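Chemist: Sharing coords.txt here; it has compact mmCIF, C-alpha atoms.
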# COMPACT_ATOMS: atom_id res chain seq x y z
CA MET A 1 189.20 295.64 80.79
CA ALA A 2 191.85 293.03 80.79
CA SER A 3 191.16 291.92 84.35
CA ALA A 4 187.46 291.43 83.94
CA ALA A 5 185.69 288.39 85.31
CA PRO A 6 185.89 285.33 83.19
CA SER A 7 183.15 284.65 80.74
CA PRO A 8 180.34 282.26 81.53
CA ILE A 9 181.87 279.74 79.31
CA GLN A 10 185.02 280.14 81.10
CA ASN A 11 183.12 279.92 84.33
CA GLY A 12 181.42 276.79 83.16
CA ARG A 13 184.72 275.23 82.31
CA PHE A 14 186.12 276.34 85.55
CA THR A 15 183.13 274.96 87.39
CA SER A 16 183.32 271.69 85.52
CA ARG A 17 186.98 271.35 86.30
CA ILE A 18 186.35 272.07 89.93
CA SER A 19 183.47 269.58 89.97
CA ARG A 20 185.68 266.87 88.62
CA THR A 21 188.30 267.82 91.13
CA VAL A 22 185.80 267.53 94.00
CA ARG A 23 184.28 264.14 92.90
CA SER A 24 187.61 262.55 92.30
CA PRO A 25 188.51 261.94 95.99
CA ALA A 26 185.06 260.43 96.76
CA HIS A 27 185.29 258.17 93.82
CA SER A 28 188.77 257.05 94.84
CA HIS A 29 187.40 255.79 98.22
CA ARG A 30 184.64 253.53 96.81
CA ARG A 31 186.87 250.47 96.12
CA PRO A 32 188.53 250.23 99.56
CA ARG A 33 185.13 250.50 101.26
CA SER A 34 183.76 247.68 99.05
CA ARG A 35 186.70 245.44 99.96
CA ILE A 36 186.11 246.01 103.65
CA GLN A 37 182.48 245.02 103.27
CA TRP A 38 183.39 241.79 101.45
CA ALA A 39 185.99 241.02 104.08
CA ALA A 40 183.38 241.46 106.81
CA VAL A 41 180.99 239.12 105.00
CA PHE A 42 183.77 236.55 104.58
CA LEU A 43 184.66 236.70 108.27
CA ALA A 44 181.00 236.27 109.21
CA LEU A 45 180.75 233.17 107.02
CA VAL A 46 183.94 231.74 108.54
CA CYS A 47 182.53 232.27 112.05
CA LEU A 48 179.28 230.52 111.12
CA VAL A 49 181.17 227.56 109.65
CA CYS A 50 183.39 227.28 112.72
CA GLN A 51 180.40 227.42 115.05
CA ALA A 52 178.55 224.75 113.07
CA THR A 53 181.65 222.55 113.12
CA ALA A 54 182.05 223.00 116.88
CA ILE A 55 178.42 222.11 117.50
CA THR A 56 178.78 218.99 115.39
CA LEU A 57 181.86 217.87 117.31
CA ASP A 58 180.17 218.40 120.67
CA VAL A 59 177.29 216.08 119.85
CA PRO A 60 177.75 212.88 121.92
CA GLU A 61 177.92 209.58 120.18
CA PRO A 62 174.74 207.53 120.26
CA ILE A 63 174.60 205.15 123.21
CA GLU A 64 173.09 201.71 122.92
CA THR A 65 170.13 200.91 125.16
CA LEU A 66 171.19 199.20 128.40
CA GLU A 67 169.13 196.12 129.09
CA LEU A 68 168.97 194.97 132.72
CA ASP A 69 168.56 191.30 133.57
CA THR A 70 166.04 191.29 136.42
CA ARG A 71 165.86 187.53 136.74
CA VAL A 72 166.46 185.95 140.15
CA LEU A 73 168.96 183.19 140.93
CA GLN A 74 167.15 180.12 142.31
CA ILE A 75 167.93 176.48 143.12
CA VAL A 76 165.79 174.13 141.04
CA ASP A 77 166.36 170.39 141.36
CA GLY A 78 169.75 171.03 142.96
CA LYS A 79 170.93 173.38 140.18
CA TRP A 80 171.24 177.17 140.02
CA VAL A 81 168.96 178.70 137.39
CA LEU A 82 167.75 182.21 136.54
CA LEU A 83 163.99 182.71 136.84
CA SER A 84 161.80 185.73 136.26
CA GLN A 85 160.15 187.33 139.26
CA GLU A 86 156.79 185.99 138.10
CA GLU A 87 158.15 182.44 138.04
CA VAL A 88 159.63 182.90 141.52
CA ASP A 89 156.30 184.12 142.89
CA LEU A 90 154.51 181.21 141.23
CA ARG A 91 156.92 178.70 142.79
CA LYS A 92 156.36 180.27 146.21
CA ILE A 93 152.63 179.84 145.83
CA LYS A 94 152.99 176.22 144.74
CA ASN A 95 155.38 175.42 147.59
CA ARG A 96 153.24 177.03 150.26
CA ALA A 97 151.74 174.50 152.62
CA VAL A 98 148.06 175.03 153.39
CA THR A 99 146.09 173.49 156.26
CA THR A 100 142.31 173.66 156.20
CA THR A 101 139.77 172.11 158.54
CA PHE A 102 136.09 172.80 158.04
CA SER A 103 132.69 171.15 158.34
CA ILE A 104 129.55 171.63 156.32
CA GLY A 105 126.10 170.70 157.47
CA VAL A 106 123.44 169.80 154.90
CA GLY A 107 119.90 168.53 155.05
CA THR A 108 120.42 165.22 153.28
CA ALA A 109 123.18 163.30 151.60
CA THR A 110 123.12 160.22 149.46
CA HIS A 111 126.79 159.28 148.96
CA THR A 112 130.21 159.00 150.60
CA ALA A 113 133.40 160.05 148.79
CA ASP A 114 137.12 159.93 149.60
CA THR A 115 139.48 162.32 147.85
CA THR A 116 143.21 162.76 148.35
CA THR A 117 145.29 165.59 146.89
CA THR A 118 149.06 166.05 147.11
CA THR A 119 151.27 169.12 146.77
CA SER A 120 155.04 169.44 146.59
CA ASP A 121 155.45 170.41 150.25
CA ALA A 122 152.79 168.38 151.97
CA SER A 123 149.98 165.97 151.31
CA ALA A 124 146.42 166.63 152.40
CA SER A 125 143.60 164.15 152.57
CA THR A 126 139.97 165.19 152.27
CA THR A 127 137.29 162.80 153.44
CA THR A 128 133.56 163.34 153.10
CA THR A 129 131.14 161.22 155.10
CA ALA A 130 127.40 161.38 154.98
CA ASP A 131 124.35 160.00 156.73
CA ASP A 132 120.68 160.76 156.43
CA SER A 133 120.95 164.19 158.06
CA THR A 134 124.47 165.67 158.05
CA SER A 135 127.68 165.71 156.06
CA SER A 136 131.13 166.83 157.24
CA THR A 137 134.35 167.45 155.35
CA THR A 138 137.75 167.55 157.07
CA THR A 139 141.10 168.33 155.47
CA THR A 140 144.11 167.15 157.49
CA LEU A 141 147.66 168.21 156.65
CA GLN A 142 150.15 165.36 156.74
CA PRO A 143 153.82 166.20 157.36
CA SER A 144 156.04 166.40 154.30
CA PRO A 145 159.02 164.03 154.01
CA LEU A 146 161.96 165.19 156.10
CA PRO A 147 165.26 166.11 154.41
CA SER A 148 167.80 163.33 154.04
CA PRO A 149 171.57 163.52 154.57
CA LEU A 150 173.83 162.98 151.57
CA ASP A 151 170.82 162.93 149.24
CA GLY A 152 172.95 164.26 146.40
CA GLY A 153 174.38 160.78 145.90
CA LEU A 154 177.82 159.44 146.65
CA SER A 155 180.55 160.52 144.27
CA SER A 156 182.59 158.04 142.29
CA ASN A 157 186.00 159.23 143.52
CA PHE A 158 186.43 156.37 145.97
CA THR A 159 189.57 154.30 145.94
CA GLY A 160 189.70 150.92 144.24
CA ALA A 161 187.72 149.54 141.35
CA ALA A 162 183.99 150.12 141.08
CA GLY A 163 182.06 147.72 143.29
CA GLN A 164 185.13 146.64 145.24
CA ASN A 165 185.39 149.54 147.69
CA PRO A 166 183.45 148.82 150.91
CA CYS A 167 183.04 152.51 151.80
CA PRO A 168 179.94 153.42 149.71
CA ASN A 169 178.16 150.30 150.93
CA PHE A 170 179.04 151.12 154.56
CA ILE A 171 177.67 154.67 154.24
CA ASN A 172 174.47 153.57 152.50
CA THR A 173 173.94 150.86 155.11
CA PHE A 174 174.03 153.13 158.15
CA LEU A 175 171.97 155.81 156.36
CA ALA A 176 169.20 153.21 155.94
CA ASP A 177 169.53 151.92 159.51
CA PRO A 178 166.34 152.62 161.56
CA THR A 179 168.50 153.54 164.55
CA PHE A 180 170.28 156.21 162.54
CA LYS A 181 166.96 157.54 161.27
CA GLN A 182 165.67 157.65 164.82
CA CYS A 183 168.57 159.89 165.85
CA TYR A 184 168.15 162.04 162.70
CA PRO A 185 171.35 164.08 163.25
CA LEU A 186 171.13 167.66 162.02
CA SER A 187 174.91 167.78 161.88
CA LEU A 188 174.80 165.60 158.74
CA LEU A 189 172.12 167.76 157.14
CA LEU A 190 174.29 170.88 157.32
CA GLN A 191 176.66 169.38 154.78
CA GLY A 192 175.52 168.66 151.26
CA SER A 193 171.84 167.86 151.80
CA ARG A 194 169.87 169.35 148.91
CA SER A 195 166.53 168.67 150.55
CA PHE A 196 167.67 170.50 153.69
CA PHE A 197 168.56 173.59 151.66
CA ASN A 198 165.03 173.60 150.28
CA ALA A 199 163.50 173.12 153.73
CA ALA A 200 165.61 175.95 155.13
CA LYS A 201 163.83 178.45 152.88
CA SER A 202 160.74 178.28 155.08
CA ILE A 203 160.69 178.67 158.83
CA VAL A 204 157.68 176.32 158.93
CA SER A 205 159.44 173.42 157.21
CA LEU A 206 162.67 174.16 159.08
CA THR A 207 160.79 173.98 162.37
CA GLN A 208 159.47 170.54 161.37
CA VAL A 209 163.06 169.40 160.80
CA LEU A 210 164.15 170.73 164.19
CA ASP A 211 161.19 169.12 165.94
CA ALA A 212 162.26 165.77 164.52
CA THR A 213 165.96 166.05 165.32
CA CYS A 214 165.39 167.50 168.81
CA SER A 215 163.02 164.68 169.77
CA ALA A 216 165.88 162.15 169.69
CA ASN A 217 167.56 160.83 172.83
CA VAL A 218 170.78 162.84 172.72
CA THR A 219 172.60 160.60 175.22
CA PHE A 220 171.92 157.40 173.31
CA CYS A 221 172.49 158.99 169.90
CA SER A 222 175.80 160.55 170.95
CA THR A 223 177.15 157.12 171.86
CA TYR A 224 175.72 155.50 168.74
CA LEU A 225 177.03 158.13 166.32
CA SER A 226 180.45 158.19 168.00
CA SER A 227 180.75 154.47 167.31
CA LEU A 228 179.84 155.11 163.67
CA ALA A 229 182.59 157.73 163.51
CA GLU A 230 185.13 155.19 164.72
CA ASN A 231 183.86 152.55 162.31
CA ILE A 232 183.98 154.83 159.29
CA THR A 233 187.74 155.25 159.74
CA SER A 234 188.30 151.49 159.90
CA PRO A 235 190.31 149.99 157.01
CA ASP A 236 187.44 147.56 156.52
CA ASN A 237 185.07 150.43 155.74
CA CYS A 238 186.27 153.89 154.64
CA GLY A 239 189.74 154.02 156.18
CA ALA A 240 191.60 154.29 152.87
CA ASP A 241 189.39 157.11 151.58
CA TYR A 242 189.55 158.84 154.96
CA GLN A 243 193.33 158.86 154.84
CA LEU A 244 193.24 160.27 151.29
CA GLY A 245 190.93 163.09 152.36
CA ASN A 246 187.81 162.06 150.47
CA SER A 247 185.44 164.98 151.10
CA ILE A 248 182.35 162.84 151.70
CA VAL A 249 184.15 160.60 154.19
CA THR A 250 185.90 163.38 156.12
CA THR A 251 182.85 165.65 156.38
CA THR A 252 180.67 162.72 157.43
CA TYR A 253 183.19 161.79 160.09
CA VAL A 254 183.31 165.35 161.48
CA ALA A 255 179.50 165.57 161.51
CA LEU A 256 179.22 162.31 163.45
CA VAL A 257 181.77 163.49 166.02
CA ALA A 258 180.14 166.93 166.41
CA TYR A 259 176.60 165.60 166.83
CA ALA A 260 176.15 166.48 170.52
CA PRO A 261 177.16 170.19 170.52
CA ILE A 262 175.22 170.84 167.31
CA TYR A 263 172.18 169.06 168.73
CA THR A 264 172.25 171.12 171.92
CA ALA A 265 172.81 174.45 170.15
CA THR A 266 170.23 174.01 167.39
CA CYS A 267 167.55 172.89 169.84
CA LEU A 268 167.76 176.08 171.90
CA LYS A 269 164.66 178.29 171.80
CA ASP A 270 164.22 182.03 172.07
CA PRO A 271 162.45 182.61 175.42
CA GLN A 272 160.57 185.62 174.04
CA THR A 273 159.15 183.98 170.91
CA SER A 274 159.39 180.25 171.79
CA THR A 275 160.90 179.66 168.33
CA TYR A 276 164.14 177.85 167.60
CA CYS A 277 167.17 180.15 167.69
CA PHE A 278 168.66 178.23 164.78
CA ALA A 279 165.52 178.72 162.66
CA ASN A 280 165.59 182.45 163.37
CA ALA A 281 169.24 182.64 162.36
CA MET A 282 168.66 180.70 159.15
CA THR A 283 165.85 183.03 158.07
CA ASN A 284 167.42 186.27 159.30
CA ILE A 285 167.46 188.46 156.19
CA SER A 286 168.89 191.51 157.96
CA ASN A 287 171.94 189.58 159.24
CA PRO A 288 172.58 186.34 157.29
CA SER A 289 175.91 185.82 159.08
CA SER A 290 174.03 184.73 162.21
CA VAL A 291 173.97 181.16 160.88
CA TYR A 292 177.78 180.95 160.65
CA PHE A 293 178.07 180.25 164.38
CA TYR A 294 176.31 176.89 164.03
CA TYR A 295 179.15 175.69 161.78
CA LEU A 296 181.82 176.25 164.43
CA PRO A 297 181.50 172.64 165.76
CA LEU A 298 182.40 171.47 162.24
CA ASN A 299 185.76 173.28 162.52
CA LEU A 300 184.77 176.18 160.30
CA SER A 301 186.03 179.55 161.53
CA LEU A 302 183.92 182.68 161.30
CA PRO A 303 184.54 184.93 158.28
CA GLY A 304 186.39 188.09 159.23
CA ALA A 305 183.47 190.32 158.21
CA THR A 306 180.97 188.52 160.46
CA VAL A 307 178.86 190.94 162.50
CA PRO A 308 177.06 188.94 165.20
CA THR A 309 173.62 189.77 166.54
CA CYS A 310 174.23 190.28 170.25
CA SER A 311 171.16 188.40 171.43
CA SER A 312 170.41 185.92 174.18
CA CYS A 313 170.32 183.18 171.53
CA LEU A 314 173.90 183.90 170.51
CA GLN A 315 175.03 184.04 174.13
CA LYS A 316 173.42 180.69 174.96
CA THR A 317 174.77 179.10 171.78
CA MET A 318 178.32 180.19 172.55
CA ASN A 319 177.93 178.90 176.12
CA VAL A 320 177.01 175.48 174.70
CA PHE A 321 180.09 175.51 172.49
CA HIS A 322 182.28 176.68 175.37
CA ASP A 323 181.19 173.72 177.48
CA ALA A 324 181.83 171.38 174.54
CA THR A 325 185.48 172.47 174.35
CA ALA A 326 186.11 170.51 177.55
CA ASP A 327 186.42 167.53 175.23
CA ARG A 328 189.53 168.47 173.28
CA SER A 329 188.73 165.83 170.66
CA GLN A 330 185.76 167.92 169.55
CA PRO A 331 186.44 170.12 166.50
CA ILE A 332 184.89 173.06 168.36
CA ALA A 333 188.04 173.13 170.50
CA LEU A 334 189.90 174.43 167.45
CA SER A 335 187.47 177.13 166.33
CA TYR A 336 185.88 178.45 169.53
CA SER A 337 188.44 180.92 170.91
CA SER A 338 188.80 183.05 167.77
CA ALA A 339 185.02 183.14 167.32
CA ALA A 340 184.47 184.19 170.94
CA GLN A 341 186.99 186.98 170.51
CA GLN A 342 185.10 188.27 167.45
CA VAL A 343 181.85 188.21 169.41
CA ASN A 344 183.29 190.16 172.34
CA THR A 345 184.75 192.73 169.96
CA ILE A 346 181.25 193.57 168.75
CA CYS A 347 179.09 192.74 171.77
CA GLY A 348 181.45 193.95 174.46
CA PRO A 349 184.02 192.35 176.77
CA GLY A 350 182.68 189.45 178.78
CA PHE A 351 179.65 188.83 176.56
CA VAL A 352 180.97 185.27 176.12
CA ASN A 353 183.88 183.36 177.62
CA GLN A 354 186.89 183.61 175.31
CA THR A 355 188.86 180.74 176.85
CA LEU A 356 188.34 177.02 176.48
CA ALA A 357 186.61 175.11 179.23
CA PRO A 358 188.86 173.10 181.56
CA GLU A 359 189.77 169.85 179.88
CA ALA A 360 187.59 167.05 181.20
CA GLN A 361 189.88 164.20 180.26
CA LEU A 362 192.70 163.41 177.88
CA SER A 363 191.62 161.84 174.62
CA SER A 364 193.67 159.75 172.25
CA ARG A 365 191.97 161.51 169.40
CA SER A 366 193.29 164.95 168.62
CA PRO A 367 191.11 167.14 166.43
CA ALA A 368 194.17 168.50 164.68
CA ALA A 369 195.01 164.99 163.54
CA PHE A 370 192.01 164.75 161.28
CA LEU A 371 191.04 168.41 160.73
CA SER A 372 193.58 170.42 158.84
CA GLY A 373 190.91 172.83 157.59
CA PRO A 374 187.37 173.08 156.26
CA SER A 375 186.56 170.92 153.28
CA THR A 376 185.35 172.19 149.93
CA LEU A 377 181.96 170.56 150.46
CA LEU A 378 181.53 172.33 153.79
CA MET A 379 182.52 175.71 152.35
CA THR A 380 180.07 175.27 149.48
CA SER A 381 177.28 174.40 151.90
CA LEU A 382 177.94 177.52 153.96
CA MET A 383 177.95 179.79 150.90
CA MET A 384 174.61 178.41 149.73
CA LEU A 385 173.09 178.87 153.17
CA ALA A 386 174.30 182.47 153.28
CA MET A 387 172.37 183.31 150.02
CA LEU A 388 169.15 181.69 151.04
CA PRO A 389 167.55 184.83 152.40
CA TRP A 390 167.83 186.42 148.91
CA LEU A 391 166.37 183.38 147.12
CA VAL A 392 163.26 183.28 148.94
Written as C-alpha cells, that's how I'd like the structure from this file.

Modeler:
Amino acid sequence: MASAAPSPIQNGRFTSRISRTVRSPAHSHRRPRSRIQWAAVFLALVCLVCQATAITLDVPEPIETLELDTRVLQIVDGKWVLLSQEEVDLRKIKNRAVTTTFSIGVGTATHTADTTTTTSDASASTTTTADDSTSSTTTTLQPSPLPSPLDGGLSSNFTGAAGQNPCPNFINTFLADPTFKQCYPLSLLLQGSRSFFNAAKSIVSLTQVLDATCSANVTFCSTYLSSLAENITSPDNCGADYQLGNSIVTTTYVALVAYAPIYTATCLKDPQTSTYCFANAMTNISNPSSVYFYYLPLNLSLPGATVPTCSSCLQKTMNVFHDATADRSQPIALSYSSAAQQVNTICGPGFVNQTLAPEAQLSSRSPAAFLSGPSTLLMTSLMMLAMLPWLV
C-alpha cells in the first residue's frame, strides 16, 4: 500500500527532526537569560559600591578634644593672674583671720614662755604664764594694718624734671601727716588703693576699715581736707599738673572735696542687721552694681544697665547725696539727678527725690570747671570693684 505508515526508521528520523525542532527554541533563549542575570549582578555591585561611598562621605571629620581652662582670675601683688581653684582655696585659708582665746589648767608648771605668730591678715600673740599651781594661755588677735591711699606709688608723669616738681613731695607729705591719718578718708581709698581692694574681699576686714574711717570727727576733717584740696591746686604744689589733667592730682582733688558726703553715706548702717550698708553693697554677689552708687560723689554716673536694690540702705544713701547737692561745688551736684531718675524707674516714683536740694549758697568753685568727666584711674577702680564678688 502506497499510503502506509512510515517505517520505524522513517519514524525515528521524523521524531529526531521534530525533537531538534522542539529543542531549538529553548536553546535560543539561554543566552538572553544569562545576560539578564549578569546585568542584575552588575547592578547589585554598583548599588553596594554607591552605598559604601555614601557612608564614607557621611562620616564626620574627627574633632580635636576641647580643653577648658578652669583657672580663676585673681589679684596677686596688684597684678591679675590665673590660679587653679585649689590655689584659690589655699589662699583663702591662708588669708582667713582666726581669733582664739582659751585657758588650760594644769597641776604644776616649771617655766614661762612667750610666743608670737603672724599671718598675712592679722598678727596674734600667744603668752603662757605659769606658777606653782596653774597655767593659762591666751591668744589675742591684733588688728591688721589698714589700707593706705595711693599705695601703688606716684607715677612719673609729672611736669618738670625729676626732683624739681613740688607735687610728689606735697602729696607724700600730707599722706604722712598724723592729722590726715587721723581723718583716714575713705574717699581716697576708693581710687587706686591696692590694699583697699584686698580688704574689700572680706566683710570682716572691710568693717575694720569702716570702723576706722567713721570714728573720725567729720566736721573737723571736712574743713581740713577742703584746705588740702585748695592747696593741691596751688602753683606752688600741684597746680601745673592739675591744669594738665594729671590723673593722680585730679582724682585726689575730687576725693578731698567729696569727703563729707562719702563719709556720711558709707557710715550708714542697716537697721535690721546693724552692719554697714556700704560693706553689704561691696560684698553683694547677687547684685554687684549696688556699689556704683557710692561713686556718685566722685562725679561718676551710673552705668545704664544698673539695677538698684530697692532697700532702705539705698534710700538713705540717696537722701544723703540729695542733701549734699545743696552745695553746688560738690561733684554730686552733677551726677545725682540722672542717678535718682534711674532709681525711681526701678523702685517706683517718689522712692527718692529726683531734684537737687535748694542751693545753700553760691560758691566760686563750679564743679564743671574741674570735672569734665570721670578719669581713667577712677573707671579702672570701679571695674575692679565690680569683679570682686567673683574673685573671692

Chemist: So the first atom is atom CA of Tyr242 of chain A and the second is atom CA of Asn169 of chain A; what is the distance between them in Å, to one decimal place?

Modeler: 14.8 Å

Chemist: Within 10 Å of segment 298-320 of chain A, which residues of segment 150-238 of chain A show up? Give each one with its shortest atom-to-atom distance in Å (one decimal) and the two atoms involved, counting only C-alpha atoms, rows by chain then rising residue number, as a tab-separated table.

Modeler:
residue	atom	partner	partner_atom	distance
A:Ser187	CA	A:Leu298	CA	8.4
A:Leu190	CA	A:Leu298	CA	9.5
A:Gln191	CA	A:Leu298	CA	9.6

Chemist: For each of A:Leu150, A:Ala265, A:Leu228, A:Ala340, take the minimum atom-to-atom distance to Tyr253 of chain A, counting only C-alpha atoms, then give the residue where this is smallest.

Modeler: A:Leu228

Chemist: Figure out the distance between atom CA of Asn280 of chain A and atom CA of Thr325 of chain A, please, to one decimal in Å.

Modeler: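 Computing the Euclidean distance for atom CA of Thr325 of chain A and atom CA of Asn280 of chain A yields 24.8 Å.
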
Chemist: What's the separation between atom CA of Val343 of chain A and atom CA of Tyr259 of chain A, in Å to one decimal place?

Modeler: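 That distance, rounded to one decimal, is 23.4 Å.
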
Chemist: Select all residues near (192.3, 173.2, 176.7) (cut-off 10 Å, inclusive, file coordinates), counting only C-alpha atoms, and output them as a list in words.

Modeler: Thr325, Ala326, Asp327, Arg328, Ala333, Leu334, Thr355, Leu356, Ala357, Pro358, Glu359, Ala360, Gln361 and Leu362 of chain A

Chemist: Please list as a VMD selection string every residue within 8 Å of Cys238 of chain A, counting all atoms listed in the file and excluding residues in the same chain fewer than 4 positions away.

Modeler: chain A and resid 166 to 167 170 232 to 234 242 249

Chemist: Which residue, A:Leu268, A:Cys347, A:Ala212, A:Ala40, has the smallest gap to Leu186 of chain A when you use all atoms listed in the file?

Modeler: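 Nearest to Leu186 of chain A: A:Ala212.
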